[in-house]
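Student: My questions all concern the structure below.
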Amino acid sequence: MAINHLELVSALVDGQLTGSELEQALELINNDSSAREAFMRYQQASDILHGYTRSINQRPLDLTFRISTALDNEPAYTIATETKSTAKLFRFPDNFWKQATGLAMAASVGALAVVGVVQQQSGFDNMPVASVVANEAPATMISQSNRWTVAEPEVEDRLNNYLVDHNEYVGTSGMFSYGRVVSYGTER
Amino acid sequence: MNVDQELVQRVQAGDKKAFDLLIMKYQQRIIHVITGFVHDPVEAMDVAQEAFIKAYRALPNFRGDSAFYTWLYRIAINTSKNHLTASSRRPPMSDVDAMDATNYYDAPELKEFETPENSLMCVELEEAIQQAIEDLPEDTATAIKLREFEGMSYEEIAEAMDCPIGTVRSRIFRAREAIDKQVKSVMGEEE
């Protein structure tokens with residue numbers, strides 16, 4: 001293998017290639033087994049220098065074959081990366097909680113007033129009336145809410161991270177899937 | 001855009017082979033992280049495989065906000081914990097911060113993974129590599145040290161050593177070749 005090719009592979013290990021040189025290096029790795037082996041040897045030496053030695057054995061570790069075999073039946077992605085950035089998340093309007101708090105307080109005061117009046121008039125026998133009154137306010141509120149999308153990329157990114165993190169833990173924690181609370185919308 | 005981002009975008013655009021390179025690049029580190037949780041070498045390989053497969057499946061959702069390795073690292077940690085839970089073993093390091101797991105060398109459990117043969121091999125390799133670096137000409141040794149230990153880019157090294165980037169690249173390559181020769185001699189693969 002040509003020395004300049006190996007030099008290219010060395011620079012690839014360092015992640016210091018761009019443009020046509022990166023293309024060339026990737027071509028080499030994909031099509032030339034000696035370039036691939038050189039990459040793994042250089043990478044292994046670098047890993048040893050950084051203390052990642054627990055899996056060191058006679059030969060550089062290579063999981064690519066077993067993983068790519070396992071992924072053989074997986075579809076190759078065809079989605080352009082730009083389209084994903086437009087994924088939207090539902091969100092309550094900014095003033096939602098302010099309005100909700102106000103309505104909840106009003107409902108509570110109303111409920112207390114009704115309970116007070118009812119208690120004065122007929123004792124504790126008519127308590128269910130209070131719960132009916134209290135339940136009306138949230139129903140009105142929900143019917144007025146709109147679907148909002150996340151405007152701030154930072155917030156959207158954080159929610160995406162939560163989604164990924166959560167999904168990793170869902171299998172063991174017994175929690176509800178995050179998708180039941182927050183999910184991607186189809187609208188742009 | 002760095003090489004990892006470029007590779008991720010290629011995978012997202014349908015180039016499966018680009019994912020192979022990400023595996024080749026990070027498999028050693030990921031195994032190292034996983035062995036902090038799963039001490040059996042064969043199991044650790046299986047968990048690593050599962051983590052990479054999960055990463056591949058989740059890649060359409062990877063937006064590049066964090067470095068690819070940071071993201072992959074989290075997947076590896078979670079996969080390890082899930083593996084232990086699924087096999088009814090309590091994650092042994094659940095009270096250790098995930099970012100410290102990589103450097104959690106002194107855990108007695110790790111001795112299961114570190115067989116005497118493996119430990120001896122590691123020591124010999126580390127010594128061989130250190131010796132190879134010491135034997136290098138000064139400018140070559142400086143270039144590889146700045147790259148590997150200080151994590152400097154070629155551009156930064158060129159500036160620090162007052163030489164062209166191409167010179168830095170060839171010095172680092174020569175250093176790697178010298179190290180490789182030493183590693184091969186330790187492993188009995190001398191040509």
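To be explicit about the labels: the chains of the structure tokens are called A, B, and onward in the order shown, and within each one the residues are counted from 1, while ligands get numbers from 1 in the order they are shown.
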Taking only C-alpha atoms into account, report as a ChimeraX atom specification which residues of chain B lie within 6 Å of chain A.
Tutor: /B:3,12-14,20,29,32,49,173
Student: How would the residues just picked look written out with N, CA and C atoms as a CSV table (one decimal), in the first residue's frame?
Tutor:
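Saved as out00.csv:
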chain,number,residue,atom,x,y,z
B,3,VAL,N,-15.3,15.0,10.9
B,3,VAL,CA,-15.4,13.7,10.2
B,3,VAL,C,-16.6,12.9,10.7
B,12,GLN,N,-27.2,8.7,7.5
B,12,GLN,CA,-28.6,9.2,7.4
B,12,GLN,C,-29.0,9.3,5.9
B,13,ALA,N,-28.1,9.5,5.0
B,13,ALA,CA,-28.5,9.6,3.6
B,13,ALA,C,-28.4,8.2,2.9
B,14,GLY,N,-28.2,7.1,3.7
B,14,GLY,CA,-28.3,5.8,3.1
B,14,GLY,C,-27.0,5.1,2.9
B,20,ASP,N,-19.9,1.6,9.3
B,20,ASP,CA,-18.8,0.7,9.6
B,20,ASP,C,-17.6,1.4,10.2
B,29,ARG,N,-13.4,2.0,22.6
B,29,ARG,CA,-13.9,2.8,23.7
B,29,ARG,C,-15.2,2.4,24.2
B,32,HIS,N,-14.8,-0.6,26.3
B,32,HIS,CA,-14.1,-0.2,27.6
B,32,HIS,C,-15.2,0.3,28.5
B,49,GLN,N,-22.5,-4.8,20.6
B,49,GLN,CA,-23.2,-5.0,19.3
B,49,GLN,C,-24.6,-4.4,19.4
B,173,PHE,N,2.1,10.6,11.0
B,173,PHE,CA,2.1,9.3,10.3
B,173,PHE,C,3.3,8.5,10.6
Student: To one decimal in Å, tell me the separation between CA of Trp97 in chain A and CA of Val114 in chain A.
Tutor: 25.0 Å
Student: Expressed in Å to a single decimal, how great is the separation between CA of Ile30 in chain B and CA of Ala76 in chain B?
Tutor: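 Computed distance, CA of Ile30 in chain B to CA of Ala76 in chain B, equals 6.7 Å.
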Student: Might you pull out every residue within 10 Å of Gly64 in chain B, with only C-alpha atoms counted and same-chain residues fewer than 2 positions away left off, and present them as number ranges by chain?
Tutor: A: 157; B: 4-5, 8-9, 59, 61-62, 66-68, 71
Student: Hey, what's within 9 Å of range 136-147 of chain B if we count only C-alpha atoms and toss same-chain stuff fewer than 2 positions away? As JSON, numbers by chain, please?
Tutor: {"A": [14], "B": [131, 132, 133, 134, 149, 150, 151, 152, 153, 154, 157, 158, 161, 168, 169, 170, 171, 172, 173, 174, 175, 176, 178]}
Student: Store the residues picked out above in a file with C-alpha atoms, as a compact mmCIF listing (two decimals), in the first residue's frame.
Tutor:
# COMPACT_ATOMS: atom_id res chain seq x y z
CA ASP A 14 -7.30 11.83 13.71
CA GLN B 131 9.39 3.16 24.02
CA ALA B 132 8.53 3.73 20.37
CA ILE B 133 7.65 7.35 21.12
CA GLU B 134 10.85 7.88 23.11
CA PHE B 149 -2.09 13.64 24.70
CA GLU B 150 -3.07 17.26 24.17
CA GLY B 151 -5.77 16.55 21.59
CA MET B 152 -4.59 19.37 19.37
CA SER B 153 -5.70 19.62 15.74
CA TYR B 154 -3.14 19.50 12.93
CA ILE B 157 0.16 21.65 16.08
CA ALA B 158 1.44 23.36 12.93
CA MET B 161 5.65 23.81 15.97
CA VAL B 168 2.60 17.74 10.89
CA ARG B 169 0.57 15.12 9.08
CA SER B 170 3.62 13.24 7.84
CA ARG B 171 5.33 13.44 11.25
CA ILE B 172 2.29 11.96 12.94
CA PHE B 173 2.09 9.28 10.28
CA ARG B 174 5.77 8.38 10.78
CA ALA B 175 5.22 8.19 14.52
CA ARG B 176 2.24 5.88 13.99
CA ALA B 178 7.01 3.38 14.35
Student: Have a look at CA of Ile129 in chain B and CA of Gln28 in chain B and let me know their distance in Å, one decimal.
Tutor: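 So the answer is 17.2 Å.
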